[in-house]
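Working notes for the structure below.
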Amino acid sequence: MEKKVILIVEDDPTVGESLGLLLKKKGHDILLASNGKEALQLLRHKVVDLVITDVVMPKMDGIELLEAVKGLRPETEVIVISAQGTIEKAVQAMKWGAFDFIEKPINPRIISLLVERALEKQTLILQNQNLRSRLEDKYHFKNIIGRSKKMVKIFELIRHIAPYDSSVLIIGESGTGKELIANAIHYKSPRASMSFIKVSCASLSEGIIESELFGHEKGAFTGAIASRKGRFELAHQGTLFLDEVGDIPPATQIKLLRVLQEGEFERVGGNKTIKVNIRIIAASNRDLQEEVKKGAFREDLYYRLNVVNIKLPALKERRDDIPFLVHFFIERYNEKYRMKVRGISQKAMNFLTDYEWTGNVRELENTIESILVINSPGVIDIQHLPQEIRDMKEKPEVIPIKIGTSLEEVEKEMLIQTLKATNGNKRKAARLLGINVRTIHRKIEEIQELASTS
Ligand SMILES: Nc1ncnc2c1ncn2[C@@H]1O[C@H](COP(=O)(O)OP(=O)(O)O)[C@@H](O)[C@H]1O
Ligand SMILES: [Mg+2]
């Protein structure tokens with residue numbers, strides 16, 4: 001076993017020192033402290049794998065220290081030494097997460113064994129954490145949350161294509177994370193240390209988009225009082241992100257195509273040819289293939305951009321990501337606004353997972369941020385949700401039922417209509433009806449059987 005650091009906390013120096021000597025002989029590094037306060041000071045500055053602490057000590061006793069250690073570094077194991085008459089305290093220590101306790105006088109063989117077992121457990125926990133953080137990297141992609149099958153597939157694709165210089169076209173509704181993905185591709189590519197330059201094609205008027213992209217020479221047009229580099233030049237050796245590429249006017253589309261094909265262009269009003277080495281990532285919230293069919297987007301340019309195609313699903317098509325996103329944004333805005341919102345009630349979460357989210361992740365993020373800013377609740381509950389989200393469920397949907405209808409008929413009708421209202425989602429329907437999923441399956445089978453026999 002590798003060398004471990006053990007902190008011994010004991011107010012009786014003869015006990016502390018002899019124990020230290022024993023464990024040093026077993027090959028560990030030893031730190032000594034004579035009370036809880038001193039121990040905490042050490043723990044703040046040193047990495048400690050195991051704490052062995054006496055219970056009764058001045059200033060801060062062993063139980064208080066244990067609590068503090070578990071708060072500071074939960075993976076640190078703690079062994080408690082109890083003197084006669086403090087057995088009760090030792091039992092209490094076990095509840096607080098102590099690894100074990102040992103009675104005074106300390107038996108060298110027993111303490112050595114306990115120490116080895118505690119360190120083994122600690123190593124296992126650390127290995128586990130390592131594994132977990134590697135898994136988290138797989139799912140998280142740093143700041144991109146996605147555990148749904150669809151997103152995990154996209155992450156795999158990104159990892160695969162990031163190293164190459166091929167163009168990427170990202171299609172997805174507004175707020176689905178296109179820019180985030182474009183960023184991720186750049187930072188996972190060999191160009192990561194060079195610039196990532198963004199052009200919002202939608203926000204640029206036809207007149208200035210060319211000068212924005214390719215730059216201009218002094219006097220190229222009225223107002224061009226100095227020459228200026230365009231985004232293509234700025235992105236040299238890096239990545240150029242063409243956001244809302246579908247909004248580029250046709251005249252500019254031709255020029256863009258030429259740059260993509262030949263890697264060279266001239267500034268507006270200039271005649272010097274400039275060569276650049278750039279990777280292009282383009283994004284659009286419109287289906288560009290449709291735009292090509294309509295004649296609004298050049299087909300040749302489309303094929304140039306669409307070497308790798310990434311389709312980001314709308315948030316409502318990957319509802320299983322919603323809870324993870326909600327927690328992620330609670331954490332993000334807790335940090336930003338120094339708040340301590342602890343979480344969200346299951347009921348409120350159900351509202352969020354069922355909502356339409358036409359504005360996708362951006363809308364969800366804004367919703368969480370505004371809940372925190374406006375209410376800063378301890379736990380987010382239904383009353384904190386914006387009206388339009390609550391309305392979605394509170395709007396009563398009505399089924400007219402004639403007097404004289406049998407209860408059996410009522411139940412059947414209710415079941416069918418609820419399933420319709422939930423688009424056939426049995427889990428959701430069961431929740432609305434207050435029954436469990438197994439019951440709803442059985443009832444559906446009963447209705448189907450009835451239908452087939454009659
Ligand atoms: N999968 C995700 N995980 C975490 N945050 C996300 C995710 N997708 C989008 N966001 C956040 O939502 C907002 C909108 O994302 P953005 O990339 O600008 O979307 P788009 O470019 O498609 O409109 C940003 O604040 C972004 O950080
Ligand atoms: Mg965007």
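Scheme for the structure tokens: letters A, B, ... for chains in order shown; per-chain residue numbers from 1; ligand numbers from 1 in order shown.
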
Please write out the residues within 7 Å of ligand 1 as a PDB file with C-alpha atoms, in the first residue's frame, counting only C-alpha atoms and all ligand atoms.
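Once everything was written out, this is pocket_21.pdb:
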```
ATOM      1  CA  ASN A 143     -21.024  22.302 -19.010  1.00  0.00           C
ATOM      2  CA  ILE A 144     -23.253  20.447 -21.385  1.00  0.00           C
ATOM      3  CA  ILE A 145     -25.845  18.369 -19.631  1.00  0.00           C
ATOM      4  CA  GLY A 146     -27.313  15.410 -21.439  1.00  0.00           C
ATOM      5  CA  GLY A 172     -31.743  22.799 -33.916  1.00  0.00           C
ATOM      6  CA  GLU A 173     -34.484  25.039 -32.607  1.00  0.00           C
ATOM      7  CA  SER A 174     -33.472  28.203 -30.829  1.00  0.00           C
ATOM      8  CA  GLY A 175     -32.154  27.509 -27.328  1.00  0.00           C
ATOM      9  CA  THR A 176     -31.218  23.858 -27.893  1.00  0.00           C
ATOM     10  CA  GLY A 177     -27.530  24.534 -27.285  1.00  0.00           C
ATOM     11  CA  LYS A 178     -26.103  24.999 -30.778  1.00  0.00           C
ATOM     12  CA  GLU A 179     -23.549  27.555 -29.683  1.00  0.00           C
ATOM     13  CA  LEU A 180     -22.573  25.439 -26.708  1.00  0.00           C
ATOM     14  CA  ILE A 181     -21.940  22.463 -29.008  1.00  0.00           C
ATOM     15  CA  LEU A 325     -30.676  20.443 -16.280  1.00  0.00           C
ATOM     16  CA  VAL A 361     -32.944  24.874 -22.664  1.00  0.00           C
ATOM     17  CA  ARG A 362     -32.640  28.666 -22.800  1.00  0.00           C
ATOM     18  CA  GLU A 365     -32.463  28.156 -17.699  1.00  0.00           C
TER      19      GLU A 365
END
```

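Here atom CA of A:Leu65 stands at a distance of 25.4 Å from atom CA of A:Asn128.
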
Name the residues of stretch 236-390 of chain A that fall into helix (DSSP H, G or I) according to DSSP on the backbone, using the chain letters and numbers of this document, as an mmCIF file with C-alpha atoms, in the first residue's frame.
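Below is the file selection29.cif, written as the result:
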```cif
data_model
loop_
_atom_site.group_PDB
_atom_site.id
_atom_site.type_symbol
_atom_site.label_atom_id
_atom_site.label_comp_id
_atom_site.auth_asym_id
_atom_site.auth_seq_id
_atom_site.Cartn_x
_atom_site.Cartn_y
_atom_site.Cartn_z
ATOM 1 C CA VAL A 245 -26.165 30.786 -41.466
ATOM 2 C CA GLY A 246 -29.561 30.438 -43.195
ATOM 3 C CA ASP A 247 -29.971 34.204 -42.930
ATOM 4 C CA PRO A 250 -27.762 35.160 -51.595
ATOM 5 C CA ALA A 251 -25.047 37.517 -52.873
ATOM 6 C CA THR A 252 -22.923 36.785 -49.815
ATOM 7 C CA GLN A 253 -23.610 33.066 -50.073
ATOM 8 C CA ILE A 254 -21.666 32.934 -53.339
ATOM 9 C CA LYS A 255 -18.663 34.679 -51.806
ATOM 10 C CA LEU A 256 -18.802 32.470 -48.768
ATOM 11 C CA LEU A 257 -18.772 29.418 -50.996
ATOM 12 C CA ARG A 258 -15.666 30.644 -52.748
ATOM 13 C CA VAL A 259 -13.843 31.197 -49.472
ATOM 14 C CA LEU A 260 -14.803 27.745 -48.273
ATOM 15 C CA GLN A 261 -13.633 26.157 -51.500
ATOM 16 C CA GLU A 262 -10.403 28.060 -51.977
ATOM 17 C CA LEU A 288 -31.579 24.238 -44.388
ATOM 18 C CA GLN A 289 -32.490 21.357 -46.645
ATOM 19 C CA GLU A 290 -35.971 22.869 -46.890
ATOM 20 C CA GLU A 291 -34.443 26.261 -47.634
ATOM 21 C CA VAL A 292 -32.468 24.670 -50.438
ATOM 22 C CA LYS A 293 -35.653 23.184 -51.886
ATOM 23 C CA LYS A 294 -37.331 26.582 -51.703
ATOM 24 C CA GLU A 299 -27.341 23.909 -52.684
ATOM 25 C CA ASP A 300 -23.577 23.910 -53.297
ATOM 26 C CA LEU A 301 -23.006 25.959 -50.161
ATOM 27 C CA TYR A 302 -25.246 23.640 -48.188
ATOM 28 C CA TYR A 303 -23.139 20.634 -49.165
ATOM 29 C CA ARG A 304 -19.950 22.498 -48.307
ATOM 30 C CA LEU A 305 -21.197 23.245 -44.813
ATOM 31 C CA LEU A 315 -35.971 19.761 -25.188
ATOM 32 C CA LYS A 316 -39.412 18.147 -25.206
ATOM 33 C CA GLU A 317 -37.960 15.277 -27.223
ATOM 34 C CA ARG A 319 -37.501 15.058 -21.298
ATOM 35 C CA ASP A 320 -35.303 12.736 -19.236
ATOM 36 C CA ASP A 321 -32.612 15.439 -19.396
ATOM 37 C CA ILE A 322 -34.858 18.001 -17.715
ATOM 38 C CA PRO A 323 -34.251 17.005 -14.060
ATOM 39 C CA PHE A 324 -30.477 17.050 -14.598
ATOM 40 C CA LEU A 325 -30.676 20.443 -16.280
ATOM 41 C CA VAL A 326 -32.865 21.804 -13.475
ATOM 42 C CA HIS A 327 -30.354 20.756 -10.808
ATOM 43 C CA PHE A 328 -27.474 22.023 -12.905
ATOM 44 C CA PHE A 329 -29.060 25.471 -13.244
ATOM 45 C CA ILE A 330 -30.039 25.610 -9.563
ATOM 46 C CA GLU A 331 -26.377 25.065 -8.753
ATOM 47 C CA ARG A 332 -25.195 27.567 -11.349
ATOM 48 C CA TYR A 333 -27.444 30.362 -10.057
ATOM 49 C CA ASN A 334 -26.942 29.461 -6.413
ATOM 50 C CA GLU A 335 -23.312 30.161 -7.064
ATOM 51 C CA LYS A 336 -23.862 33.274 -9.123
ATOM 52 C CA TYR A 337 -26.235 34.898 -6.640
ATOM 53 C CA GLN A 346 -41.096 16.262 -6.804
ATOM 54 C CA LYS A 347 -44.409 17.915 -7.724
ATOM 55 C CA ALA A 348 -42.765 21.040 -9.061
ATOM 56 C CA MET A 349 -40.283 18.884 -10.986
ATOM 57 C CA ASN A 350 -43.190 17.007 -12.582
ATOM 58 C CA PHE A 351 -44.545 20.302 -13.874
ATOM 59 C CA LEU A 352 -41.176 21.142 -15.366
ATOM 60 C CA THR A 353 -40.695 17.756 -17.010
ATOM 61 C CA ASP A 354 -44.171 17.915 -18.578
ATOM 62 C CA ASN A 360 -35.894 24.868 -25.089
ATOM 63 C CA VAL A 361 -32.944 24.874 -22.664
ATOM 64 C CA ARG A 362 -32.640 28.666 -22.800
ATOM 65 C CA GLU A 363 -36.219 29.015 -21.533
ATOM 66 C CA LEU A 364 -35.643 26.419 -18.816
ATOM 67 C CA GLU A 365 -32.463 28.156 -17.699
ATOM 68 C CA ASN A 366 -34.189 31.556 -17.583
ATOM 69 C CA THR A 367 -37.071 30.047 -15.623
ATOM 70 C CA ILE A 368 -34.768 28.646 -12.943
ATOM 71 C CA GLU A 369 -32.773 31.863 -12.762
ATOM 72 C CA SER A 370 -35.869 33.998 -12.299
ATOM 73 C CA ILE A 371 -37.315 31.663 -9.656
ATOM 74 C CA LEU A 372 -34.095 32.006 -7.674
ATOM 75 C CA VAL A 373 -33.881 35.758 -8.088
ATOM 76 C CA ILE A 374 -37.530 36.472 -7.362
ATOM 77 C CA ASN A 375 -38.262 33.953 -4.613
ATOM 78 C CA ILE A 382 -45.227 24.666 -7.305
ATOM 79 C CA GLN A 383 -46.127 28.155 -6.086
ATOM 80 C CA HIS A 384 -42.736 29.443 -7.269
ATOM 81 C CA GLN A 387 -47.998 31.141 -14.115
ATOM 82 C CA GLU A 388 -47.826 29.736 -17.643
ATOM 83 C CA ILE A 389 -46.218 26.538 -16.403
ATOM 84 C CA ARG A 390 -48.776 26.058 -13.649
#
```
